[in-house]
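S.K.: Could you have a look at this structure, given as structure tokens, before my questions?
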Amino acid sequence: VRNYNLSPDDIVQSIVKANSITPAGNIRVGDETLITAQNAVVENVKELETVPLKIGAGPTVFIRDIASVDIGSDVTTSYALINGKRSVYIPVTKRSTASTWDVVQNVKKALP
């Protein structure tokens with residue numbers, strides 16, 4: 001990272017910009033105003049290796065140039081309790097084009 005004159009925050013900001021769902025505009029359909037989203041969330045975690053960190057004078061620096069990307073787990077900082085017993089907490093975020101109902105049903109099917 002030092003060789004490329006990048007800070008840890010530069011890396012985080014590049015990943016955040018390249019892996020987000022952001023509002024892109026509105027569409028009027030009859031009496032409704034719908035928010036349209038620009039979906040830039042990666043399908044495969046390995047896609048993050050192609051995120052550019054530094055563009056401009058000199059060669060472009062990508063995540064793959066400074067790190068390898070793998071699925072990992074967070075350090076436990078808290079836990080969920082249900083009826084006083086430790087439980088599994090799984091945050092689920094749906095894509096803008098997905099049906100909330102379908103996502104809930106698919107999560108329930110996948111749990112067993």
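Residue numbering restarts at 1 for every chain of the structure tokens, chains are lettered A, B, ... in their displayed order, and ligands are numbered from 1 as they appear.
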Would you give me, as a list of chain:residue names, the residues in segment 9-89 of chain A that DSSP reads as alpha helix (DSSP H)?
M.R.: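 The residues of segment 9-89 of chain A classed as alpha helix (DSSP H) are A:Asp9, A:Asp10, A:Ile11, A:Val12, A:Gln13, A:Ser14, A:Ile15, A:Val16, A:Lys17, A:Ala18, A:Ile63, A:Arg64, A:Asp65, A:Ile66.
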S.K.: Store the residues picked out above in a file with C-alpha atoms, as a PDB file, in the first residue's frame.
M.R.:
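In the end it all went to again.pdb:
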ATOM      1  CA  ASP A   9      -9.265   4.777   3.788  1.00  0.00           C
ATOM      2  CA  ASP A  10      -8.500   5.130   0.052  1.00  0.00           C
ATOM      3  CA  ILE A  11      -9.031   1.383  -0.296  1.00  0.00           C
ATOM      4  CA  VAL A  12     -12.276   1.382   1.689  1.00  0.00           C
ATOM      5  CA  GLN A  13     -13.672   4.319  -0.285  1.00  0.00           C
ATOM      6  CA  SER A  14     -12.867   2.636  -3.610  1.00  0.00           C
ATOM      7  CA  ILE A  15     -14.640  -0.563  -2.573  1.00  0.00           C
ATOM      8  CA  VAL A  16     -17.658   1.360  -1.270  1.00  0.00           C
ATOM      9  CA  LYS A  17     -17.972   3.281  -4.559  1.00  0.00           C
ATOM     10  CA  ALA A  18     -17.677   0.105  -6.629  1.00  0.00           C
ATOM     11  CA  ILE A  63      -7.257  -4.239  -5.484  1.00  0.00           C
ATOM     12  CA  ARG A  64      -5.615  -7.396  -6.916  1.00  0.00           C
ATOM     13  CA  ASP A  65      -2.301  -5.523  -6.975  1.00  0.00           C
ATOM     14  CA  ILE A  66      -2.263  -5.048  -3.204  1.00  0.00           C
TER      15      ILE A  66
END
S.K.: At what distance in Å, to one decimal, does atom CA of Leu53 of chain A lie from atom CA of Gly72 of chain A?
M.R.: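 Rounded to one decimal, the two atoms are 21.3 Å apart.
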S.K.: From the DSSP assignment of the backbone, select every residue of segment 3-89 of chain A that is strand (DSSP E), and format the answer as a PyMOL selection string.
M.R.: chain A and resi 21-29+32-39+52-54+61-62+80-82+85-87
